[in-house]
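Undergrad: Input file: final-v4.cif. Contents: mmCIF, C-alpha atoms.
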```cif
data_upload
#
loop_
_atom_site.label_atom_id
_atom_site.label_comp_id
_atom_site.auth_asym_id
_atom_site.auth_seq_id
_atom_site.Cartn_x
_atom_site.Cartn_y
_atom_site.Cartn_z
CA MET A 26 -8.60 27.38 30.21
CA ASP A 27 -7.84 29.81 33.02
CA THR A 28 -4.44 31.41 33.42
CA THR A 29 -3.61 29.59 36.63
CA ARG A 30 -4.07 26.16 35.09
CA ARG A 31 -2.12 27.07 31.98
CA ASP A 32 0.73 28.43 34.04
CA PHE A 33 0.77 25.28 36.09
CA LEU A 34 0.87 23.10 32.97
CA THR A 35 3.57 25.17 31.33
CA ALA A 36 5.73 25.07 34.43
CA ALA A 37 5.07 21.38 34.92
CA ALA A 38 5.86 20.54 31.30
CA ALA A 39 9.09 22.54 31.51
CA ALA A 40 10.00 20.77 34.74
CA ALA A 41 9.24 17.39 33.22
CA ALA A 42 11.48 18.16 30.28
CA THR A 43 14.47 19.04 32.47
CA THR A 44 14.33 16.45 35.25
CA ALA A 45 15.84 13.00 34.87
CA PRO A 46 13.38 10.50 33.41
CA ASP A 47 11.70 8.06 35.73
CA LEU A 48 13.33 4.64 35.47
CA THR A 49 10.06 2.97 34.55
CA HIS A 50 10.04 5.02 31.38
CA ALA A 51 13.78 5.04 30.76
CA GLN A 52 14.62 4.27 27.19
CA THR A 53 17.22 4.81 24.56
CA HIS A 54 16.52 7.40 21.93
CA ASP A 55 18.62 7.79 18.86
CA HIS A 56 16.55 10.63 17.44
CA ASP A 57 17.05 14.18 18.43
CA HIS A 58 13.64 15.45 19.52
CA GLN A 59 12.41 15.53 23.10
CA ASP A 60 12.56 12.56 25.42
CA VAL A 61 9.31 11.12 26.70
CA PRO A 62 8.59 12.96 29.97
CA SER A 63 8.36 10.78 33.05
CA ASP A 64 4.70 11.61 33.38
CA VAL A 65 2.76 10.78 30.26
CA ALA A 66 -0.38 12.30 31.75
CA LEU A 67 1.38 15.65 32.02
CA ARG A 68 2.56 15.44 28.45
CA VAL A 69 -0.99 14.74 27.28
CA LYS A 70 -2.37 17.72 29.22
CA SER A 71 0.30 19.92 27.72
CA LEU A 72 -0.58 18.70 24.22
CA GLU A 73 -4.28 19.32 24.75
CA SER A 74 -3.71 22.88 25.97
CA LEU A 75 -1.49 23.52 22.94
CA LEU A 76 -4.06 22.15 20.48
CA VAL A 77 -6.85 24.17 22.10
CA GLU A 78 -4.73 27.33 22.07
CA LYS A 79 -3.99 26.81 18.38
CA GLY A 80 -7.65 26.24 17.50
CA ILE A 81 -7.10 22.65 16.36
CA VAL A 82 -9.35 20.92 18.91
CA ASP A 83 -12.19 21.95 21.19
CA SER A 84 -12.00 20.45 24.70
CA ALA A 85 -15.78 20.00 24.66
CA ALA A 86 -15.45 17.76 21.60
CA LEU A 87 -12.89 15.66 23.47
CA ASP A 88 -15.28 15.39 26.42
CA ALA A 89 -18.03 14.27 24.02
CA LEU A 90 -15.84 11.60 22.43
CA VAL A 91 -14.77 10.16 25.78
CA ASP A 92 -18.37 10.22 26.98
CA ALA A 93 -19.57 8.47 23.82
CA TYR A 94 -17.26 5.50 24.42
CA GLU A 95 -17.65 5.39 28.18
CA HIS A 96 -21.44 5.62 28.19
CA LYS A 97 -23.06 5.18 24.77
CA ILE A 98 -21.08 2.96 22.40
CA GLY A 99 -20.21 -0.46 23.73
CA PRO A 100 -20.90 -4.19 23.64
CA ARG A 101 -24.52 -3.67 24.76
CA ASN A 102 -25.18 -2.38 21.24
CA GLY A 103 -23.76 -5.51 19.66
CA ALA A 104 -25.65 -7.68 22.14
CA ARG A 105 -28.89 -6.07 21.01
CA VAL A 106 -28.07 -6.96 17.40
CA VAL A 107 -27.33 -10.57 18.34
CA ALA A 108 -30.49 -10.90 20.45
CA ARG A 109 -32.62 -9.53 17.61
CA ALA A 110 -31.08 -12.07 15.22
CA TRP A 111 -31.74 -14.93 17.65
CA GLY A 112 -35.36 -14.00 18.03
CA ASP A 113 -36.19 -12.92 14.50
CA PRO A 114 -35.15 -15.32 11.69
CA ALA A 115 -35.88 -12.75 8.97
CA TYR A 116 -33.65 -10.20 10.70
CA LYS A 117 -30.93 -12.83 11.04
CA GLN A 118 -31.05 -13.47 7.29
CA ARG A 119 -30.73 -9.74 6.59
CA LEU A 120 -27.89 -9.46 9.12
CA LEU A 121 -25.91 -12.26 7.51
CA ALA A 122 -26.59 -10.97 3.99
CA ASN A 123 -25.75 -7.32 4.71
CA GLY A 124 -24.48 -6.55 8.20
CA THR A 125 -24.10 -2.83 7.55
CA ALA A 126 -27.74 -2.37 6.55
CA ALA A 127 -29.06 -4.64 9.29
CA ILE A 128 -27.32 -2.81 12.15
CA ALA A 129 -28.51 0.47 10.64
CA GLU A 130 -32.08 -0.81 11.17
CA LEU A 131 -31.31 -0.67 14.90
CA GLY A 132 -29.79 2.79 14.61
CA TYR A 133 -26.11 1.82 14.50
CA GLY A 134 -23.69 3.03 11.87
CA GLY A 135 -26.03 4.75 9.46
CA SER A 136 -25.44 5.56 5.81
CA ASN A 137 -21.87 6.66 6.49
CA GLY A 138 -21.38 3.72 8.75
CA VAL A 139 -18.99 0.88 9.05
CA ASP A 140 -18.73 -1.94 6.56
CA LEU A 141 -19.79 -4.94 8.57
CA ARG A 142 -19.80 -8.65 7.84
CA VAL A 143 -21.48 -10.93 10.35
CA LEU A 144 -20.07 -14.43 10.83
CA GLU A 145 -22.39 -17.12 12.16
CA ASN A 146 -21.12 -19.67 14.64
CA THR A 147 -22.79 -23.07 14.43
CA ALA A 148 -22.25 -26.54 15.83
CA ALA A 149 -19.92 -27.19 12.86
CA VAL A 150 -18.15 -23.82 12.37
CA HIS A 151 -16.49 -21.48 14.87
CA ASN A 152 -15.38 -17.99 13.81
CA LEU A 153 -12.73 -15.87 15.51
CA VAL A 154 -11.80 -12.25 14.73
CA VAL A 155 -8.32 -10.74 15.07
CA CYS A 156 -6.31 -7.83 13.69
CA THR A 157 -2.75 -9.13 13.48
CA LEU A 158 -1.28 -5.84 12.22
CA CYS A 159 -2.90 -3.46 14.71
CA SER A 160 -6.28 -3.24 16.43
CA CYS A 161 -9.15 -3.09 13.90
CA TYR A 162 -12.42 -3.76 15.68
CA ILE A 163 -16.10 -3.08 15.15
CA TRP A 164 -16.13 0.12 17.25
CA ALA A 165 -19.62 1.17 16.18
CA ILE A 166 -21.34 -1.64 18.07
CA LEU A 167 -18.69 -3.10 20.40
CA GLY A 168 -16.98 0.12 21.51
CA LEU A 169 -13.20 0.31 21.88
CA PRO A 170 -11.39 -3.03 22.03
CA PRO A 171 -10.10 -4.50 25.31
CA VAL A 172 -6.35 -4.43 25.97
CA TRP A 173 -5.91 -8.16 25.35
CA TYR A 174 -7.37 -7.82 21.82
CA LYS A 175 -4.70 -5.22 20.99
CA SER A 176 -1.92 -7.13 22.71
CA ALA A 177 0.95 -9.02 21.08
CA PRO A 178 0.06 -12.44 22.55
CA TYR A 179 -3.45 -12.44 21.05
CA ARG A 180 -2.54 -10.84 17.74
CA SER A 181 0.40 -13.15 17.12
CA ARG A 182 -1.14 -16.50 18.06
CA ALA A 183 -4.82 -16.20 17.15
CA ILE A 184 -4.12 -17.10 13.54
CA ILE A 185 -1.55 -19.88 14.04
CA ASP A 186 -3.06 -21.49 17.15
CA PRO A 187 -6.67 -20.40 17.51
CA ARG A 188 -7.62 -23.46 19.56
CA GLY A 189 -4.77 -22.81 22.01
CA VAL A 190 -5.85 -19.17 22.28
CA LEU A 191 -9.46 -20.18 22.91
CA SER A 192 -8.37 -22.58 25.63
CA GLU A 193 -6.69 -19.64 27.42
CA PHE A 194 -10.14 -18.07 27.55
CA GLY A 195 -11.55 -21.33 28.91
CA THR A 196 -13.28 -22.11 25.61
CA MET A 197 -12.85 -25.71 24.52
CA LEU A 198 -14.11 -26.74 21.08
CA PRO A 199 -14.68 -30.21 19.65
CA GLU A 200 -11.67 -31.42 17.64
CA ASN A 201 -13.65 -31.82 14.44
CA ILE A 202 -15.15 -28.32 14.41
CA GLU A 203 -14.08 -26.08 11.52
CA MET A 204 -12.21 -23.05 12.78
CA ARG A 205 -12.27 -19.90 10.67
CA VAL A 206 -10.04 -17.03 11.76
CA TRP A 207 -10.70 -13.60 10.22
CA ASP A 208 -7.74 -11.22 10.08
CA SER A 209 -9.16 -7.70 9.63
CA THR A 210 -6.28 -6.28 7.66
CA ALA A 211 -8.29 -3.52 5.93
CA GLU A 212 -11.50 -1.53 6.46
CA GLN A 213 -13.94 -4.41 6.45
CA ARG A 214 -15.19 -5.10 9.98
CA TYR A 215 -16.41 -8.37 11.49
CA LEU A 216 -18.84 -9.42 14.19
CA VAL A 217 -19.39 -12.98 15.33
CA LEU A 218 -22.99 -14.09 15.73
CA PRO A 219 -22.68 -16.62 18.57
CA GLU A 220 -24.85 -19.71 18.88
CA ARG A 221 -28.01 -19.18 20.89
CA PRO A 222 -27.64 -21.20 24.08
CA ALA A 223 -30.07 -23.93 25.04
CA GLY A 224 -32.65 -23.15 27.67
CA THR A 225 -33.52 -19.72 26.34
CA GLU A 226 -36.78 -20.59 24.61
CA GLY A 227 -39.36 -17.88 25.18
CA PHE A 228 -36.83 -15.33 26.43
CA SER A 229 -37.49 -11.67 25.65
CA GLU A 230 -35.04 -9.85 23.41
CA GLU A 231 -33.81 -7.96 26.45
CA ALA A 232 -33.24 -11.15 28.43
CA LEU A 233 -31.35 -12.67 25.48
CA ALA A 234 -29.20 -9.54 25.07
CA SER A 235 -28.17 -9.71 28.71
CA LEU A 236 -26.55 -13.11 28.04
CA VAL A 237 -24.42 -11.93 25.11
CA THR A 238 -20.84 -10.98 25.95
CA ARG A 239 -18.26 -8.93 24.09
CA ASP A 240 -15.96 -11.96 24.09
CA ALA A 241 -18.60 -14.10 22.35
CA MET A 242 -18.97 -11.46 19.62
CA ILE A 243 -15.19 -11.57 18.99
CA GLY A 244 -15.28 -15.36 19.01
CA VAL A 245 -13.10 -16.18 22.04
CA ALA A 246 -16.05 -17.42 24.09
CA LYS A 247 -19.45 -19.00 23.69
CA VAL A 248 -22.64 -17.62 25.15
CA THR A 249 -23.35 -19.73 28.20
CA PRO A 250 -26.84 -20.89 29.07
CA PRO A 251 -28.57 -18.98 31.88
CA GLN A 252 -28.23 -20.33 35.42
CA LYS A 253 -30.84 -22.91 36.30
CA GLY A 254 -33.94 -21.24 37.64
CA GLY A 255 -32.86 -17.86 36.30
CA ARG A 256 -34.23 -16.06 33.31
CA GLY A 257 -31.22 -14.03 32.23
CA MET B 8 7.57 -2.62 6.53
CA ASN B 9 8.69 -5.94 7.93
CA GLY B 10 8.25 -4.67 11.48
CA ILE B 11 7.32 -6.15 14.83
CA HIS B 12 3.74 -4.91 14.35
CA ASP B 13 3.36 -7.60 11.65
CA MET B 14 3.36 -10.33 14.29
CA GLY B 15 0.81 -12.83 12.97
CA GLY B 16 2.18 -16.35 13.49
CA MET B 17 4.79 -15.49 16.15
CA GLN B 18 4.75 -17.73 19.20
CA ASP B 19 6.92 -16.06 21.84
CA MET B 20 4.77 -13.16 23.01
CA GLY B 21 3.66 -14.79 26.26
CA PRO B 22 0.24 -15.59 27.68
CA ILE B 23 -2.85 -13.48 27.00
CA LYS B 24 -3.57 -11.22 29.97
CA TYR B 25 -7.28 -10.95 30.53
CA GLU B 26 -8.78 -8.22 32.70
CA THR B 27 -12.24 -8.79 34.12
CA ASN B 28 -14.56 -5.75 34.03
CA GLU B 29 -11.99 -3.78 32.10
CA PRO B 30 -12.67 -0.03 31.98
CA VAL B 31 -12.90 1.69 28.58
CA PHE B 32 -9.90 3.84 29.51
CA HIS B 33 -7.47 2.94 32.30
CA ALA B 34 -6.52 6.56 32.97
CA THR B 35 -7.93 9.93 32.04
CA TRP B 36 -4.99 10.65 29.76
CA GLU B 37 -5.80 7.58 27.63
CA GLY B 38 -9.25 8.94 26.86
CA ARG B 39 -7.78 12.36 26.04
CA VAL B 40 -5.24 10.79 23.65
CA TYR B 41 -7.93 8.78 21.93
CA ALA B 42 -10.24 11.82 21.72
CA MET B 43 -7.52 14.17 20.48
CA SER B 44 -6.60 11.69 17.75
CA ALA B 45 -10.24 11.40 16.69
CA ALA B 46 -10.89 15.15 16.86
CA VAL B 47 -7.74 16.04 14.91
CA THR B 48 -8.55 13.36 12.33
CA ALA B 49 -12.03 14.88 11.96
CA THR B 50 -10.44 18.19 10.84
CA ARG B 51 -9.22 16.26 7.75
CA LYS B 52 -5.95 18.18 7.90
CA LEU B 53 -3.71 15.25 8.77
CA ARG B 54 -1.54 14.15 5.86
CA LEU B 55 -0.24 10.99 7.51
CA GLY B 56 -2.13 7.93 8.72
CA LEU B 57 -2.21 6.64 12.29
CA ARG B 58 -0.05 3.62 11.71
CA PRO B 59 3.10 4.64 9.80
CA PRO B 60 4.66 6.53 12.76
CA ILE B 61 3.88 3.60 15.06
CA GLU B 62 5.31 1.04 12.64
CA ASN B 63 8.48 3.10 12.30
CA LEU B 64 9.30 2.74 15.99
CA PRO B 65 12.15 0.39 16.87
CA ALA B 66 10.73 -3.03 17.79
CA ALA B 67 11.79 -2.85 21.45
CA GLU B 68 10.01 0.48 21.91
CA TYR B 69 6.90 -0.75 20.12
CA LEU B 70 6.62 -3.70 22.50
CA ARG B 71 7.39 -1.65 25.61
CA MET B 72 4.87 1.13 25.00
CA SER B 73 1.21 0.83 25.93
CA TYR B 74 -1.42 1.17 23.23
CA TYR B 75 -2.27 4.79 23.95
CA GLU B 76 1.40 5.70 24.32
CA LEU B 77 1.75 4.46 20.75
CA TRP B 78 -1.21 6.61 19.75
CA LEU B 79 0.29 9.64 21.50
CA THR B 80 3.56 9.16 19.65
CA SER B 81 1.66 8.82 16.39
CA LEU B 82 -0.46 11.91 17.07
CA THR B 83 2.49 14.18 17.75
CA GLU B 84 4.37 12.88 14.70
CA ARG B 85 1.30 13.38 12.51
CA LEU B 86 0.70 16.91 13.80
CA VAL B 87 4.28 17.86 12.98
CA ALA B 88 4.28 16.08 9.60
CA SER B 89 1.05 17.89 8.68
CA ASP B 90 2.45 21.32 9.67
CA LEU B 91 -0.22 21.79 12.34
CA VAL B 92 2.26 22.20 15.20
CA THR B 93 6.04 22.50 15.47
CA ARG B 94 8.39 20.47 17.65
CA ALA B 95 9.28 23.68 19.48
CA GLU B 96 5.62 24.21 20.35
CA LEU B 97 5.31 20.62 21.56
CA GLU B 98 8.30 21.11 23.84
CA ILE B 99 6.98 24.22 25.58
CA GLY B 100 3.29 23.32 25.34
CA ARG B 101 2.31 26.74 23.96
CA ALA B 102 1.75 28.23 20.54
CA ALA B 103 4.73 30.01 19.04
CA PRO B 104 4.64 33.79 19.70
CA GLY B 105 2.86 35.61 16.89
CA SER B 106 1.24 32.47 15.43
CA THR B 107 -2.39 32.82 14.41
CA LYS B 108 -5.15 30.70 15.88
CA ALA B 109 -6.63 28.25 13.37
CA ALA B 110 -10.38 27.67 13.05
CA LEU B 111 -10.10 23.93 12.56
CA ALA B 112 -11.64 22.52 15.74
CA VAL B 113 -14.73 20.41 15.05
CA SER B 114 -17.83 20.65 17.24
CA PRO B 115 -18.66 17.95 19.77
CA ALA B 116 -21.50 16.67 17.54
CA ASP B 117 -19.30 16.49 14.44
CA ALA B 118 -16.51 14.78 16.36
CA VAL B 119 -18.85 12.04 17.58
CA ALA B 120 -20.45 11.65 14.13
CA ALA B 121 -16.99 11.16 12.63
CA ILE B 122 -16.52 8.00 14.72
CA PHE B 123 -18.80 6.21 12.29
CA ARG B 124 -17.37 7.55 9.07
CA VAL B 125 -15.45 5.15 6.88
CA PRO B 126 -13.62 7.32 4.39
CA ALA B 127 -11.90 4.33 2.85
CA ARG B 128 -15.06 3.06 1.12
CA ARG B 129 -15.19 4.32 -2.49
CA LYS B 130 -17.99 4.47 -5.02
CA GLU B 131 -15.97 4.16 -8.24
CA ALA B 132 -17.12 1.44 -10.61
CA ILE B 133 -13.94 -0.54 -11.12
CA VAL B 134 -13.89 -3.94 -12.79
CA PRO B 135 -12.59 -6.53 -10.31
CA ARG B 136 -9.66 -8.61 -11.51
CA PHE B 137 -10.79 -11.62 -9.50
CA GLN B 138 -14.03 -13.50 -8.87
CA ALA B 139 -15.27 -15.51 -5.91
CA GLY B 140 -13.97 -19.07 -6.06
CA GLN B 141 -10.88 -18.15 -8.06
CA PRO B 142 -7.49 -19.37 -6.76
CA VAL B 143 -4.99 -16.56 -6.18
CA ARG B 144 -1.50 -16.12 -4.82
CA ALA B 145 -0.60 -13.27 -2.45
CA ARG B 146 2.38 -11.49 -3.96
CA ASN B 147 5.77 -11.68 -2.33
CA ILE B 148 6.50 -8.02 -1.66
CA ASN B 149 8.54 -6.38 1.08
CA PRO B 150 7.82 -2.65 1.05
CA VAL B 151 9.71 -0.55 3.61
CA THR B 152 6.60 1.61 4.02
CA HIS B 153 3.08 0.89 5.32
CA THR B 154 1.45 -2.25 3.92
CA ARG B 155 -1.66 -4.31 4.68
CA LEU B 156 -0.25 -7.54 3.28
CA PRO B 157 0.97 -9.50 6.32
CA ARG B 158 4.14 -11.50 5.97
CA TYR B 159 2.51 -14.81 6.83
CA ALA B 160 0.33 -14.61 3.71
CA ARG B 161 2.99 -13.56 1.18
CA GLY B 162 3.59 -16.13 -1.51
CA ARG B 163 0.74 -18.31 -0.24
CA VAL B 164 -2.10 -19.62 -2.39
CA GLY B 165 -5.68 -19.05 -1.36
CA THR B 166 -9.15 -18.69 -2.84
CA ILE B 167 -11.23 -15.56 -3.32
CA HIS B 168 -14.03 -15.93 -0.80
CA ARG B 169 -15.80 -12.61 -1.40
CA ASP B 170 -15.37 -9.29 -3.16
CA HIS B 171 -15.95 -6.55 -0.54
CA GLY B 172 -16.14 -3.79 -3.15
CA VAL B 173 -13.94 -0.77 -3.83
CA PHE B 174 -11.80 0.81 -1.10
CA ALA B 175 -8.99 3.32 -0.83
CA PHE B 176 -5.57 1.66 -0.91
CA MET B 177 -3.89 2.24 2.46
CA GLU B 178 -0.36 1.96 1.08
CA THR B 179 -0.83 5.30 -0.64
CA SER B 180 -3.69 6.92 1.29
CA ALA B 181 -1.80 6.63 4.59
CA TYR B 182 0.78 9.04 3.20
CA GLY B 183 -1.62 11.43 1.47
CA LEU B 184 -0.45 10.06 -1.88
CA GLY B 185 -3.90 9.41 -3.30
CA ASP B 186 -6.57 6.79 -2.72
CA LYS B 187 -5.70 4.49 -5.63
CA PRO B 188 -9.20 2.94 -5.30
CA GLN B 189 -9.39 -0.79 -5.94
CA HIS B 190 -11.27 -3.92 -5.01
CA LEU B 191 -10.73 -5.48 -1.62
CA TYR B 192 -11.28 -9.21 -1.31
CA SER B 193 -11.67 -11.70 1.49
CA VAL B 194 -9.17 -14.41 0.61
CA ARG B 195 -9.39 -17.82 2.26
CA PHE B 196 -6.14 -19.63 3.03
CA SER B 197 -6.23 -23.13 4.44
CA ALA B 198 -4.45 -23.29 7.79
CA ARG B 199 -2.19 -25.99 6.32
CA GLU B 200 -1.14 -23.73 3.44
CA LEU B 201 0.01 -21.18 6.03
CA TRP B 202 1.28 -23.34 8.88
CA GLY B 203 1.92 -26.78 7.44
CA GLU B 204 0.85 -30.21 8.60
CA GLN B 205 0.57 -29.24 12.26
CA ALA B 206 -2.65 -27.37 11.48
CA PRO B 207 -6.02 -29.16 11.49
CA PRO B 208 -7.02 -29.87 7.87
CA GLN B 209 -10.44 -28.23 8.15
CA ASP B 210 -9.23 -24.88 9.57
CA SER B 211 -8.67 -21.70 7.58
CA VAL B 212 -7.64 -18.05 7.84
CA TYR B 213 -9.47 -15.32 5.93
CA VAL B 214 -7.43 -12.24 5.09
CA ASP B 215 -8.72 -9.01 3.51
CA LEU B 216 -6.40 -8.24 0.62
CA TYR B 217 -6.38 -5.50 -2.01
CA ASP B 218 -6.36 -6.20 -5.74
CA ASP B 219 -2.73 -5.02 -5.95
CA TYR B 220 -1.69 -7.78 -3.53
CA LEU B 221 -2.96 -10.66 -5.63
CA GLU B 222 -1.92 -12.54 -8.74
CA PRO B 223 -3.72 -15.32 -10.61
CA VAL B 224 -2.54 -18.86 -10.09
#
```
Could I get this structure in the form of structure tokens?
TA:
Amino acid sequence: MDTTRRDFLTAAAAAAATTAPDLTHAQTHDHDHQDVPSDVALRVKSLESLLVEKGIVDSAALDALVDAYEHKIGPRNGARVVARAWGDPAYKQRLLANGTAAIAELGYGGSNGVDLRVLENTAAVHNLVVCTLCSCYIWAILGLPPVWYKSAPYRSRAIIDPRGVLSEFGTMLPENIEMRVWDSTAEQRYLVLPERPAGTEGFSEEALASLVTRDAMIGVAKVTPPQKGGRG
Amino acid sequence: MNGIHDMGGMQDMGPIKYETNEPVFHATWEGRVYAMSAAVTATRKLRLGLRPPIENLPAAEYLRMSYYELWLTSLTERLVASDLVTRAELEIGRAAPGSTKAALAVSPADAVAAIFRVPARRKEAIVPRFQAGQPVRARNINPVTHTRLPRYARGRVGTIHRDHGVFAFMETSAYGLGDKPQHLYSVRFSARELWGEQAPPQDSVYVDLYDDYLEPV
């Protein structure tokens, strides 16, 4: 980092620490360390420059991590897994028997990878994934979770009222379907294998993958059939 | 800890707010917080897990703060608790005069590879105390420290659905107090066992619970 930028950050951080906090971030602290500065972005920049100066992080590694999630790791990866399972019954059997090994076949996870269980939705059973305590999610093939997945309304109600939660997503299930909610309280990760929609016979794997949504792989939505006349 | 983070079963948190075409990060600083947490974790020098500092926040603050604000709070607390930075350094944003530069920073390639590492999985051959199909009761415990046994399951009777294998025990590993490796099970609870007669009889909740959390029925 050049001197000018560091000086700016230092001065800005010092200014943030001495000016009155912005009302939107006003809060009561009963501990004695610093108050949250009004500008969280400034505080984060200040922390990064400190960690770089101390040799604890490399800014290029931070760039690489952000880039990985913004451009490489995301629901498209999971969609590819689902599409392969829809089109290849043997792969589907391997995926359901050992999710970790089956996603590794497509280059995801690897030997040090995640521990994945795949849950199959059928006409009789609907699976839904939640992390009531925090935000556990299958990062390796879905990317980072959306805000609603990490939010209090979803985490609190998904286990006690999964049908009500699904209806908020516009997903209505038959009354007699068996609902299974999976609370990822530890290091085991879950992916829902949605039902293949009707009208997709003969679709290529790519065309199938384009129908699969993140929400369907969490279990809050179904995969909808392609528009009439379209081919995904 | 019986904190607000353990919110499974609460009903007053409002409607779910869905954002169409949600970006991965809503602001640059969110990505930097996530990346700093991942990169510092990859140094393997942190002696405190992500969640304990977040779970120690007063409930009102926990609910007010955004997700990456919680992560930022956790990161600074973990850096201090692990003697990697001091509070004085955090305040001024510069290393203390005379301090030496560490050589801990991981490379971009190693940082990205670490995303996929699951250090909790263990290879020890430990005899499981429970078998699939066996009825079990989740213990009624109320630790004031980090736990992975949610309140809604405590004291409830379920069935072992599957043995996931041997994992580090987060109650100790989150504090650097050892991995205490043990079996982790998927335990099936009927929705009626958890929520009573209002729940549909065919529904169920599967919870991943460590050996230490279970007792035979």
Undergrad: If the PyMOL selection byres ((chain A and resi 173) around 8) were run on this exact file, what residues would it hold? Put them as a PyMOL selection string.
TA: (chain A and resi 171-172+174-176+178-179) or (chain B and resi 23-26)
Undergrad: Using all atoms listed in the file for the distances, tell me which of A:Lys97, A:Lys70, A:Lys117, A:Arg239 is nearest to chain B.
TA: A:Lys70
Undergrad: Looking at all atoms listed in the file, which of A:Ala110, A:Ala86, A:Ile98, A:Ala129 is the one that sits closest to chain B?
TA: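 Going through A:Ala110, A:Ala86, A:Ile98, A:Ala129 one by one, the smallest distance to chain B is for A:Ala86.
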Undergrad: Each residue of chain A lying at most 7 Å from chain B should get a row with its shortest atom-to-atom pair and the distance in Å to one decimal, counting all atoms listed in the file; could you produce that, ordered by chain and increasing number, as a tab-separated table?
TA:
```
residue	atom	partner	partner_atom	distance
A:Thr35	CA	B:Gly100	CA	6.3
A:Ala38	CA	B:Ile99	CA	6.9
A:Ala39	CA	B:Ile99	CA	6.5
A:Gln59	CA	B:Glu98	CA	7.0
A:Ala66	CA	B:Trp36	CA	5.3
A:Val69	CA	B:Trp36	CA	6.2
A:Ser71	CA	B:Gly100	CA	5.1
A:Leu72	CA	B:Gly100	CA	6.1
A:Leu75	CA	B:Arg101	CA	5.1
A:Glu78	CA	B:Ala102	CA	6.7
A:Lys79	CA	B:Lys108	CA	4.8
A:Gly80	CA	B:Ala109	CA	4.7
A:Ile81	CA	B:Ala112	CA	4.6
A:Val82	CA	B:Ala112	CA	4.2
A:Asp83	CA	B:Ala112	CA	5.5
A:Ala85	CA	B:Pro115	CA	6.0
A:Ala86	CA	B:Pro115	CA	3.7
A:Leu87	CA	B:Ala42	CA	5.0
A:Ala89	CA	B:Pro115	CA	5.7
A:Leu90	CA	B:Ala42	CA	5.6
A:Val91	CA	B:Gly38	CA	5.8
A:Glu95	CA	B:Val31	CA	6.0
A:Gly134	CA	B:Phe123	CA	5.8
A:Asn137	CA	B:Arg124	CA	5.3
A:Gly138	CA	B:Phe123	CA	5.0
A:Val139	CA	B:Val125	CA	6.0
A:Thr157	CA	B:Gly15	CA	5.2
A:Leu158	CA	B:Asp13	CA	5.0
A:Cys159	CA	B:His12	CA	6.8
A:Ala165	CA	B:Phe123	CA	6.4
A:Leu169	CA	B:Val31	CA	6.8
A:Trp173	CA	B:Lys24	CA	6.0
A:Ala177	CA	B:Met20	CA	6.0
A:Pro178	CA	B:Met20	CA	4.8
A:Tyr179	CA	B:Ile23	CA	6.1
A:Arg180	CA	B:Gly15	CA	6.2
A:Ser181	CA	B:Gly15	CA	4.2
A:Arg182	CA	B:Gly16	CA	5.7
A:Ile184	CA	B:Gly16	CA	6.3
A:Ile185	CA	B:Gly16	CA	5.2
A:Glu203	CA	B:Asp210	CA	5.4
A:Met204	CA	B:Asp210	CA	4.7
A:Arg205	CA	B:Ser211	CA	5.1
A:Val206	CA	B:Val212	CA	4.7
A:Trp207	CA	B:Tyr213	CA	4.8
A:Asp208	CA	B:Val214	CA	5.1
A:Ser209	CA	B:Asp215	CA	6.3
A:Thr210	CA	B:Asp215	CA	5.5
A:Ala211	CA	B:Asp215	CA	6.0
A:Glu212	CA	B:Ala127	CA	6.9
```
Undergrad: Which residue, B:Gly203, B:Pro135, B:Gly185, B:Thr179, has the smallest gap to Arg163 (chain B) when you use only C-alpha atoms?
TA: B:Gly203
Undergrad: So what do you get for CA of Thr249 (chain A) versus CA of Ala234 (chain A), distance-wise?
TA: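 Here the two named atoms are 12.2 Å from each other.
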Undergrad: Apply the PyMOL selection byres ((chain B and resi 152) around 8) to the displayed file and report the matching residues as a list of chain:residue names.
TA: B:Met8, B:Pro59, B:Pro150, B:Val151, B:His153, B:Thr154, B:Glu178
Undergrad: Could you work out how far CA of Met242 (chain A) lies from CA of Leu218 (chain A), giving the answer in Å with one decimal?
TA: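 Answer for the CA of Leu218 (chain A) to CA of Met242 (chain A) separation: 6.2 Å.
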Undergrad: So how many Å separate CA of Leu77 (chain B) and CA of Gly168 (chain A), to one decimal?
TA: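 CA of Gly168 (chain A) lies at a distance of 19.2 Å from CA of Leu77 (chain B).
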Undergrad: Given the file above and the PyMOL selection byres ((chain B and resi 183) around 9), which residues are selected, and can you give them as a PDB file with C-alpha atoms, in the frame of the given file?
TA:
```pdb
ATOM      1  CA  LEU B  53      -3.710  15.250   8.770  1.00  0.00           C
ATOM      2  CA  ARG B  54      -1.540  14.150   5.860  1.00  0.00           C
ATOM      3  CA  LEU B  55      -0.240  10.990   7.510  1.00  0.00           C
ATOM      4  CA  GLY B  56      -2.130   7.930   8.720  1.00  0.00           C
ATOM      5  CA  THR B 179      -0.830   5.300  -0.640  1.00  0.00           C
ATOM      6  CA  SER B 180      -3.690   6.920   1.290  1.00  0.00           C
ATOM      7  CA  ALA B 181      -1.800   6.630   4.590  1.00  0.00           C
ATOM      8  CA  TYR B 182       0.780   9.040   3.200  1.00  0.00           C
ATOM      9  CA  LEU B 184      -0.450  10.060  -1.880  1.00  0.00           C
ATOM     10  CA  GLY B 185      -3.900   9.410  -3.300  1.00  0.00           C
ATOM     11  CA  ASP B 186      -6.570   6.790  -2.720  1.00  0.00           C
TER      12      ASP B 186
END
```
Undergrad: With all atoms listed in the file as the basis for distance, which of B:Val173, B:Gly165, B:Val87, B:Pro188 is at the shortest distance from Leu221 (chain B)?
TA: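 For Leu221 (chain B), the nearest of the given residues is B:Gly165.
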